[in-house]
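The data block below is protein02.txt; it holds compact mmCIF, C-alpha atoms.
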```
# COMPACT_ATOMS: atom_id res chain seq x y z
CA MET L 29 -20.60 8.69 6.08
CA SER L 30 -16.86 8.18 6.23
CA ILE L 31 -15.07 7.42 3.00
CA ASN L 32 -12.65 4.55 3.01
CA ASP L 33 -9.17 5.08 1.51
CA ASN L 34 -9.48 1.84 -0.45
CA GLY L 35 -12.71 3.18 -1.95
CA ILE L 36 -10.90 6.38 -2.92
CA MET L 37 -8.07 4.36 -4.48
CA GLU L 38 -10.50 2.29 -6.53
CA ALA L 39 -12.30 5.44 -7.66
CA LEU L 40 -8.97 7.07 -8.58
CA LYS L 41 -8.11 4.11 -10.80
CA GLU L 42 -11.49 4.05 -12.54
CA ASP L 43 -12.37 7.72 -12.67
CA PRO L 44 -9.62 10.02 -11.34
CA GLN L 45 -11.88 13.09 -11.23
CA ASN L 46 -14.51 11.35 -9.15
CA GLY L 47 -11.77 9.82 -6.98
CA PHE L 48 -10.28 13.26 -6.48
CA ARG L 49 -13.61 14.68 -5.31
CA MET L 50 -13.89 11.84 -2.81
CA LEU L 51 -10.34 12.48 -1.66
CA MET L 52 -11.06 16.18 -1.15
CA ALA L 53 -14.28 15.43 0.69
CA LYS L 54 -12.36 13.28 3.14
CA TYR L 55 -9.13 15.23 3.55
CA GLN L 56 -9.81 18.88 2.74
CA GLU L 57 -10.48 20.03 6.29
CA ASN L 58 -7.77 17.90 7.91
CA VAL L 59 -5.18 19.15 5.43
CA TYR L 60 -6.20 22.77 5.96
CA TRP L 61 -5.98 22.50 9.76
CA HIS L 62 -2.69 20.62 9.59
CA ILE L 63 -1.21 23.39 7.46
CA ARG L 64 -2.86 26.14 9.50
CA ARG L 65 -1.21 24.92 12.69
CA LEU L 66 2.17 25.19 10.97
CA VAL L 67 1.78 28.47 9.07
CA VAL L 68 -0.71 30.21 11.43
CA SER L 69 -2.09 32.74 8.95
CA HIS L 70 -5.40 31.82 7.35
CA ASP L 71 -4.41 33.25 3.96
CA ASP L 72 -1.17 31.25 3.90
CA ALA L 73 -3.00 28.12 5.00
CA GLN L 74 -5.53 28.61 2.23
CA ASP L 75 -2.82 29.05 -0.41
CA ALA L 76 -0.85 26.04 0.82
CA SER L 77 -3.96 23.85 1.06
CA GLN L 78 -5.08 24.69 -2.45
CA GLU L 79 -1.60 24.08 -3.79
CA THR L 80 -1.48 20.78 -1.92
CA PHE L 81 -4.60 19.49 -3.65
CA VAL L 82 -3.54 20.77 -7.05
CA ARG L 83 -0.23 18.93 -6.61
CA ILE L 84 -2.03 15.79 -5.52
CA TYR L 85 -4.25 15.96 -8.59
CA ARG L 86 -1.25 16.35 -10.86
CA SER L 87 0.85 13.67 -9.14
CA PHE L 88 -1.39 10.64 -8.91
CA ASP L 89 1.03 8.76 -11.11
CA ASN L 90 3.79 9.43 -8.55
CA TYR L 91 1.93 7.64 -5.78
CA ARG L 92 3.46 4.18 -5.56
CA GLY L 93 1.50 2.78 -2.65
CA ASP L 94 4.63 2.42 -0.51
CA CYS L 95 2.87 4.39 2.21
CA SER L 96 -0.78 4.96 3.00
CA LEU L 97 -2.75 7.46 0.94
CA ARG L 98 -3.16 9.57 4.07
CA SER L 99 0.61 9.63 4.71
CA TRP L 100 1.23 10.67 1.11
CA ILE L 101 -1.30 13.50 1.35
CA TYR L 102 0.09 14.77 4.67
CA ARG L 103 3.63 14.63 3.30
CA ILE L 104 2.67 16.86 0.37
CA ALA L 105 0.74 19.17 2.72
CA THR L 106 3.71 19.44 5.10
CA ASN L 107 6.05 20.26 2.22
CA GLU L 108 3.67 22.95 1.01
CA ALA L 109 3.46 24.44 4.50
CA LEU L 110 7.26 24.51 4.80
CA ARG L 111 7.52 25.98 1.31
CA ILE L 112 5.21 28.85 2.20
CA ILE L 113 7.09 29.48 5.47
CA SER L 114 10.36 29.50 3.50
CA LYS L 115 8.87 31.98 1.06
CA ARG L 116 7.79 34.24 3.89
CA ARG L 117 11.16 34.03 5.64
CA GLN L 118 13.06 34.21 2.34
CA GLU L 119 15.21 31.28 3.41
CA VAL L 120 14.81 27.54 3.17
CA VAL L 121 12.94 26.03 6.11
CA SER L 122 12.84 22.25 6.39
CA LEU L 123 11.92 19.75 9.07
CA ASP L 124 15.57 19.82 10.15
CA SER L 125 15.56 23.56 10.73
CA GLU L 126 15.82 24.87 14.27
CA THR L 127 12.62 26.83 13.99
CA THR L 128 9.91 27.80 11.54
CA GLY L 129 10.54 31.35 12.66
CA VAL L 130 6.87 32.12 12.54
CA ASN L 131 6.17 35.41 14.22
CA LEU L 132 3.83 33.56 16.53
CA ILE L 133 0.22 34.48 16.52
CA GLN L 134 -0.07 38.08 15.46
CA GLY L 135 -2.27 40.09 13.18
CA ASP L 136 -4.62 37.55 11.72
CA ASP L 137 -8.35 38.21 11.49
CA TYR L 138 -9.21 34.60 12.09
CA ILE L 139 -7.71 34.11 15.54
CA ASP L 140 -9.73 34.35 18.72
CA PHE L 141 -7.38 36.05 21.13
CA SER L 142 -9.94 35.87 23.93
CA ASP L 143 -9.25 32.15 24.26
CA GLN L 144 -5.98 32.73 26.06
CA VAL L 145 -5.17 29.15 26.96
CA ALA L 146 -5.67 27.97 23.38
CA VAL L 147 -3.56 30.87 22.06
CA LYS L 148 -0.81 30.07 24.54
CA LEU L 149 -0.82 26.40 23.55
CA GLN L 150 -0.38 27.34 19.89
CA LYS L 151 2.46 29.69 20.82
CA ALA L 152 4.12 26.85 22.72
CA ILE L 153 3.84 24.59 19.68
CA LEU L 154 5.16 27.26 17.33
CA LEU L 155 8.29 27.71 19.44
CA LEU L 156 9.26 24.08 18.77
CA PRO L 157 11.55 23.00 15.93
CA PRO L 158 9.50 21.97 12.86
CA LYS L 159 10.07 18.25 13.32
CA GLN L 160 8.80 18.40 16.90
CA GLN L 161 5.82 20.51 15.79
CA LEU L 162 4.99 17.92 13.16
CA ALA L 163 5.34 15.00 15.57
CA PHE L 164 3.22 16.71 18.22
CA ASN L 165 0.51 18.05 15.90
CA LEU L 166 0.01 14.83 14.00
CA ARG L 167 -0.08 12.79 17.19
CA TYR L 168 -2.13 15.12 19.36
CA TYR L 169 -4.59 16.58 16.87
CA GLU L 170 -4.74 13.94 14.14
CA GLU L 171 -4.07 10.93 16.38
CA LEU L 172 -1.74 9.30 13.86
CA GLY L 173 0.60 6.50 14.89
CA PHE L 174 4.34 7.07 15.20
CA ASP L 175 4.97 4.77 12.23
CA GLU L 176 2.74 6.84 10.00
CA ILE L 177 4.17 10.15 11.21
CA ALA L 178 7.64 8.77 10.48
CA LYS L 179 6.59 8.07 6.90
CA ILE L 180 5.28 11.61 6.56
CA ALA L 181 8.43 13.14 8.04
CA ASP L 182 10.74 10.72 6.23
CA SER L 183 12.13 9.70 9.60
CA THR L 184 12.06 6.69 11.91
CA PRO L 185 9.30 5.85 14.43
CA THR L 186 11.84 5.98 17.28
CA SER L 187 12.99 9.45 16.29
CA ILE L 188 9.40 10.67 15.96
CA LYS L 189 8.46 9.18 19.31
CA ALA L 190 11.40 11.00 20.90
CA SER L 191 10.42 14.25 19.14
CA TYR L 192 6.86 13.91 20.40
CA HIS L 193 7.86 13.37 24.01
CA VAL L 194 10.41 16.20 23.98
CA ALA L 195 7.78 18.46 22.40
CA LYS L 196 5.23 17.54 25.03
CA GLU L 197 7.61 18.31 27.87
CA LYS L 198 8.57 21.66 26.33
CA ILE L 199 4.91 22.57 25.88
CA ILE L 200 4.09 21.68 29.49
CA LYS L 201 7.01 23.78 30.67
CA TYR L 202 5.87 26.72 28.54
CA MET L 203 2.26 26.38 29.64
CA ASN L 204 3.35 26.35 33.29
CA SER L 205 5.37 29.51 32.81
CA THR L 206 3.77 32.81 33.81
CA ASP L 207 4.41 34.58 30.48
CA MET G 11 10.57 26.62 54.09
CA ASP G 12 10.43 29.24 51.36
CA VAL G 13 7.16 31.09 51.87
CA LYS G 14 7.32 32.47 48.34
CA PHE G 15 7.30 28.99 46.86
CA ASN G 16 4.52 28.76 44.30
CA PHE G 17 2.88 25.35 44.48
CA ASN G 18 0.88 26.00 41.32
CA LYS G 19 4.09 26.14 39.33
CA THR G 20 4.84 22.54 40.15
CA GLU G 21 1.52 21.35 38.77
CA LYS G 22 1.74 19.98 35.30
CA PHE G 23 -0.30 21.61 32.58
CA ASP G 24 -3.37 19.53 31.88
CA PHE G 25 -3.95 19.12 28.14
CA GLY G 26 -7.53 18.21 28.97
CA LYS G 27 -8.16 21.88 29.77
CA VAL G 28 -7.77 22.77 26.11
CA GLY G 29 -8.29 19.48 24.37
CA LYS G 30 -8.14 19.95 20.61
CA ARG G 31 -9.63 23.41 20.75
CA MET G 32 -7.72 25.98 18.71
CA PRO G 33 -8.05 29.76 18.58
CA TYR G 34 -8.16 29.63 14.78
CA SER G 35 -11.26 30.06 12.65
CA THR G 36 -12.11 30.39 8.96
CA PRO G 37 -14.47 32.61 6.97
CA ASP G 38 -18.00 31.31 6.39
CA ASP G 39 -18.33 28.72 3.63
CA PHE G 40 -14.56 28.66 3.36
CA PHE G 41 -14.20 24.94 2.62
CA LYS G 42 -16.92 25.02 -0.01
CA ASP G 43 -15.16 27.93 -1.71
CA MET G 44 -11.77 26.27 -1.45
CA GLU G 45 -13.10 23.11 -3.08
CA ALA G 46 -14.49 25.21 -5.92
CA ASN G 47 -11.15 27.03 -6.31
CA ILE G 48 -9.23 23.76 -6.46
CA LEU G 49 -11.57 22.18 -8.99
CA ASN G 50 -11.36 25.35 -11.07
CA ALA G 51 -7.54 25.27 -10.93
CA VAL G 52 -7.36 21.71 -12.26
CA LYS G 53 -10.30 21.79 -14.65
CA ASP G 54 -8.09 21.82 -17.76
CA ASP G 55 -5.73 19.12 -16.49
CA THR G 56 -6.05 15.48 -17.31
CA PRO G 57 -5.14 13.54 -14.20
CA GLN G 58 -2.71 10.68 -14.59
CA PRO G 59 -4.16 7.41 -13.37
CA VAL G 60 -2.88 5.97 -10.11
CA ARG G 61 -0.34 3.21 -10.70
CA ILE G 62 0.31 1.24 -7.60
CA ALA G 63 3.45 -0.86 -7.79
CA PRO G 64 2.94 -4.45 -6.64
CA ARG G 65 3.66 -4.76 -2.96
CA LYS G 66 6.71 -6.62 -1.74
CA ARG G 67 4.58 -9.53 -0.59
CA SER G 68 5.91 -11.71 -3.39
CA LEU G 69 9.43 -10.95 -2.24
CA ILE G 70 8.59 -11.71 1.38
CA ARG G 71 6.98 -14.95 0.24
CA ALA G 72 10.13 -15.79 -1.76
CA ILE G 73 12.29 -15.20 1.32
CA TRP G 74 10.06 -17.48 3.36
CA VAL G 75 10.19 -20.16 0.67
CA ALA G 76 13.99 -19.91 0.49
CA THR G 77 14.29 -20.10 4.28
CA LEU G 78 11.92 -23.05 4.43
CA ALA G 79 13.76 -24.85 1.64
CA ALA G 80 17.07 -24.37 3.41
CA SER G 81 15.63 -25.60 6.72
CA VAL G 82 14.10 -28.69 5.12
CA ALA G 83 17.37 -29.42 3.32
CA VAL G 84 19.33 -29.16 6.57
CA LEU G 85 16.87 -31.48 8.34
CA LEU G 86 16.88 -34.10 5.58
CA ILE G 87 20.59 -34.29 4.95
CA PRO G 88 21.47 -36.48 8.01
CA HIS G 89 18.93 -39.08 6.81
CA ILE G 90 20.23 -39.34 3.26
CA ASP G 91 22.57 -42.22 2.57
CA PHE G 92 25.42 -40.98 0.42
CA THR G 93 27.36 -44.25 0.60
CA ASP G 94 26.20 -45.35 -2.89
CA ASN G 95 28.30 -42.61 -4.30
CA PRO G 96 31.23 -42.03 -2.01
CA ILE G 97 32.63 -39.34 -4.26
CA ALA G 98 29.59 -37.09 -3.97
CA GLN G 99 29.15 -36.58 -0.25
CA PRO G 100 28.54 -32.91 0.29
CA SER G 101 28.34 -31.74 3.85
CA SER G 102 24.96 -30.73 5.25
CA LYS G 103 26.19 -27.16 5.34
CA GLU G 104 27.02 -27.26 1.66
CA ASN G 105 23.62 -28.78 0.89
CA GLY G 106 21.89 -26.02 2.79
CA ILE G 107 23.87 -23.45 0.87
CA LEU G 108 23.00 -25.19 -2.39
CA ALA G 109 19.31 -25.07 -1.54
CA VAL G 110 19.55 -21.39 -0.69
CA ASP G 111 21.53 -20.71 -3.86
CA GLN G 112 18.90 -22.53 -5.90
CA ALA G 113 16.07 -20.59 -4.28
CA PHE G 114 18.01 -17.35 -4.67
CA SER G 115 18.64 -17.97 -8.36
CA GLN G 116 14.90 -18.31 -8.90
CA LEU G 117 14.27 -14.75 -7.67
CA SER G 118 14.00 -11.88 -10.09
CA PRO G 119 17.15 -9.71 -10.50
CA ALA G 120 15.43 -6.85 -8.62
CA ASP G 121 14.54 -9.12 -5.72
CA GLN G 122 18.08 -10.50 -5.66
CA VAL G 123 19.51 -6.99 -5.39
CA TYR G 124 17.01 -6.16 -2.63
CA LEU G 125 17.91 -9.29 -0.68
CA LEU G 126 21.62 -8.62 -0.96
CA ASP G 127 21.07 -5.07 0.27
CA VAL G 128 19.05 -6.31 3.23
CA TYR G 129 21.38 -9.08 4.31
CA GLN G 130 24.56 -7.07 3.82
CA GLU G 131 23.67 -5.26 7.05
CA ASP G 132 22.57 -8.42 8.90
CA VAL G 133 24.86 -8.84 11.90
CA PHE G 134 23.88 -12.47 12.41
CA LEU G 135 24.71 -13.49 8.86
CA ASN G 136 27.96 -11.57 8.97
CA GLU G 137 29.16 -13.02 12.27
```

For the structure just supplied, provide its representation as C-alpha cells.
Amino acid sequence: MSINDNGIMEALKEDPQNGFRMLMAKYQENVYWHIRRLVVSHDDAQDASQETFVRIYRSFDNYRGDCSLRSWIYRIATNEALRIISKRRQEVVSLDSETTGVNLIQGDDYIDFSDQVAVKLQKAILLLPPKQQLAFNLRYYEELGFDEIAKIADSTPTSIKASYHVAKEKIIKYMNSTD
Amino acid sequence: MDVKFNFNKTEKFDFGKVGKRMPYSTPDDFFKDMEANILNAVKDDTPQPVRIAPRKRSLIRAIWVATLAASVAVLLIPHIDFTDNPIAQPSSKENGILAVDQAFSQLSPADQVYLLDVYQEDVFLNE
C-alpha cells in the first residue's frame, strides 16, 4: 500500500514519531539509492542515508511547505551525499563543482562487476558534473519532473532541463565509446 | 569509402538495454537494520512539530481582487456622470489607480512588500 504525502504530513502534525515511521517506510529505499548513485560506496551511502533521516527528524519545524515533502527530503539527502563526498575529498564539493571526483566504481563489496553495461552506465554518470548527475538521476531513476528537481537543486526548471539533456548526450557518447 | 568505418559506433546507446538496473547491491536485511539504527539514533530526541506556513493563496486571491477592482473601475468610469460636481472629475486613469491603491492598502504589510518585489521586475508595468 502506498503512503500518501498528505497522510504523512497529517501524521507528523498529530504524532511526529508515527509520522516519521511512515515517512521512513515510504522514502528510506529511494533516499538510499539516490545517495548511493552519488557516493557509490555502500558504507558512505549508509552513513549519509542515516544522517539524512536523523536530520529530517530534527528539522521538522524547518519544513515550511514551500516545496513538496519529497523535494525537501531529496534536498537534505543530496546535501548529505555532497557533504560525505566533500569529507572524502577533503574539499568542498557542491552542485556547482566541476566533478564529484569520485574514484569511479572501485573496491566496493556491493557492486556486481559482471554486469558490465550497468557498471559502464554508472561510470558515465559519475563523470558528469554534480548538477548534471542530479538532474539525470532524479529524472531517469526517480522520474521526477523538472520543476521538482529544480526545487531540490535550488535551480530553475530550464537550467535543470538543459543539464538533463546535456547529461544524456554525454552518457550516450560515453556508452558508445569502446573504453 | 573508408572500409574501416565502424557502423556500430554511429548507433546511439539504447537506455532500454539497461533500464533502471544498477550494479549496486546491499547486505541482507540492510533496510530493516538501517531503520532500527535511525530510530535508535533519535530515540532520546523530541521531534518538533511540523509548522506549515499558510500558502500564498490568500495573496494570489488579493492580487486577483485588486486586478478585478481596477478593471471594473476602468469599465465603469465612462458611464459615471461627473457633471454634478465639475470640480471633482478625475480621469478614468486616476480612478483606476485609486482603486488599485485602495486594494493595495488593504493588503498586509508582508503582502505589500511581496507585491512590490514582484512588480518591480515587471517589464510591462515599467514600460

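The spacing separating CA of Ser187 in chain L from CA of Asn34 in chain L amounts to 29.0 Å.
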
Residues of chain L within 6 Å of chain G, using all atoms listed in the file, as a PDB file with C-alpha atoms, keeping the file's coordinate frame?
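Saved to part.pdb:
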```pdb
ATOM      1  CA  LYS L  41      -8.110   4.110 -10.800  1.00  0.00           C
ATOM      2  CA  GLN L  78      -5.080  24.690  -2.450  1.00  0.00           C
ATOM      3  CA  ARG L  86      -1.250  16.350 -10.860  1.00  0.00           C
ATOM      4  CA  PHE L  88      -1.390  10.640  -8.910  1.00  0.00           C
ATOM      5  CA  ASP L  89       1.030   8.760 -11.110  1.00  0.00           C
ATOM      6  CA  ARG L  92       3.460   4.180  -5.560  1.00  0.00           C
ATOM      7  CA  GLY L  93       1.500   2.780  -2.650  1.00  0.00           C
ATOM      8  CA  TYR L 138      -9.210  34.600  12.090  1.00  0.00           C
ATOM      9  CA  ILE L 139      -7.710  34.110  15.540  1.00  0.00           C
ATOM     10  CA  ASP L 140      -9.730  34.350  18.720  1.00  0.00           C
ATOM     11  CA  ALA L 146      -5.670  27.970  23.380  1.00  0.00           C
ATOM     12  CA  VAL L 147      -3.560  30.870  22.060  1.00  0.00           C
ATOM     13  CA  ILE L 200       4.090  21.680  29.490  1.00  0.00           C
TER      14      ILE L 200
END
```

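Note that CA of Glu170 in chain L and CA of Ala195 in chain L are 15.7 Å apart.
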
Contacts of Ser122 in chain L within 9 Å, all atoms listed in the file, excl. fewer than 2 positions in-chain, as number ranges by chain: L: 107, 110-111, 114, 120, 124-128, 158-159

Non-local contacts of Phe48 in chain L (9 Å; all atoms listed in the file; under 4 positions in same chain excluded) as a ChimeraX atom specification: /L:36,39-40,43-44,52-53,81,84-85

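For the pair CA of Glu108 in chain L and CA of Arg83 in chain L, the interatomic distance is 9.5 Å.
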
When distances are computed from only C-alpha atoms, which of L:His70, L:Lys54, L:Arg98, L:His62 shows the smallest separation from Leu166 in chain L?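 The closest residue to Leu166 in chain L is L:His62.
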
When you look at Ser191 in chain L with a cut-off of 12 Å (counting only C-alpha atoms), what residues show up, excluding the ones that are within fewer than 3 positions of it in the same chain? I need them as a PDB file with C-alpha atoms, in the coordinates of the input.
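Generated file (selection_1.pdb):
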```
ATOM      1  CA  LEU L 123      11.920  19.750   9.070  1.00  0.00           C
ATOM      2  CA  ASP L 124      15.570  19.820  10.150  1.00  0.00           C
ATOM      3  CA  LEU L 156       9.260  24.080  18.770  1.00  0.00           C
ATOM      4  CA  PRO L 157      11.550  23.000  15.930  1.00  0.00           C
ATOM      5  CA  PRO L 158       9.500  21.970  12.860  1.00  0.00           C
ATOM      6  CA  LYS L 159      10.070  18.250  13.320  1.00  0.00           C
ATOM      7  CA  GLN L 160       8.800  18.400  16.900  1.00  0.00           C
ATOM      8  CA  GLN L 161       5.820  20.510  15.790  1.00  0.00           C
ATOM      9  CA  LEU L 162       4.990  17.920  13.160  1.00  0.00           C
ATOM     10  CA  ALA L 163       5.340  15.000  15.570  1.00  0.00           C
ATOM     11  CA  PHE L 164       3.220  16.710  18.220  1.00  0.00           C
ATOM     12  CA  ASN L 165       0.510  18.050  15.900  1.00  0.00           C
ATOM     13  CA  LEU L 166       0.010  14.830  14.000  1.00  0.00           C
ATOM     14  CA  ARG L 167      -0.080  12.790  17.190  1.00  0.00           C
ATOM     15  CA  PHE L 174       4.340   7.070  15.200  1.00  0.00           C
ATOM     16  CA  ILE L 177       4.170  10.150  11.210  1.00  0.00           C
ATOM     17  CA  ALA L 178       7.640   8.770  10.480  1.00  0.00           C
ATOM     18  CA  ALA L 181       8.430  13.140   8.040  1.00  0.00           C
ATOM     19  CA  SER L 183      12.130   9.700   9.600  1.00  0.00           C
ATOM     20  CA  THR L 184      12.060   6.690  11.910  1.00  0.00           C
ATOM     21  CA  PRO L 185       9.300   5.850  14.430  1.00  0.00           C
ATOM     22  CA  THR L 186      11.840   5.980  17.280  1.00  0.00           C
ATOM     23  CA  SER L 187      12.990   9.450  16.290  1.00  0.00           C
ATOM     24  CA  ILE L 188       9.400  10.670  15.960  1.00  0.00           C
ATOM     25  CA  VAL L 194      10.410  16.200  23.980  1.00  0.00           C
ATOM     26  CA  ALA L 195       7.780  18.460  22.400  1.00  0.00           C
ATOM     27  CA  LYS L 196       5.230  17.540  25.030  1.00  0.00           C
ATOM     28  CA  GLU L 197       7.610  18.310  27.870  1.00  0.00           C
ATOM     29  CA  LYS L 198       8.570  21.660  26.330  1.00  0.00           C
TER      30      LYS L 198
END
```
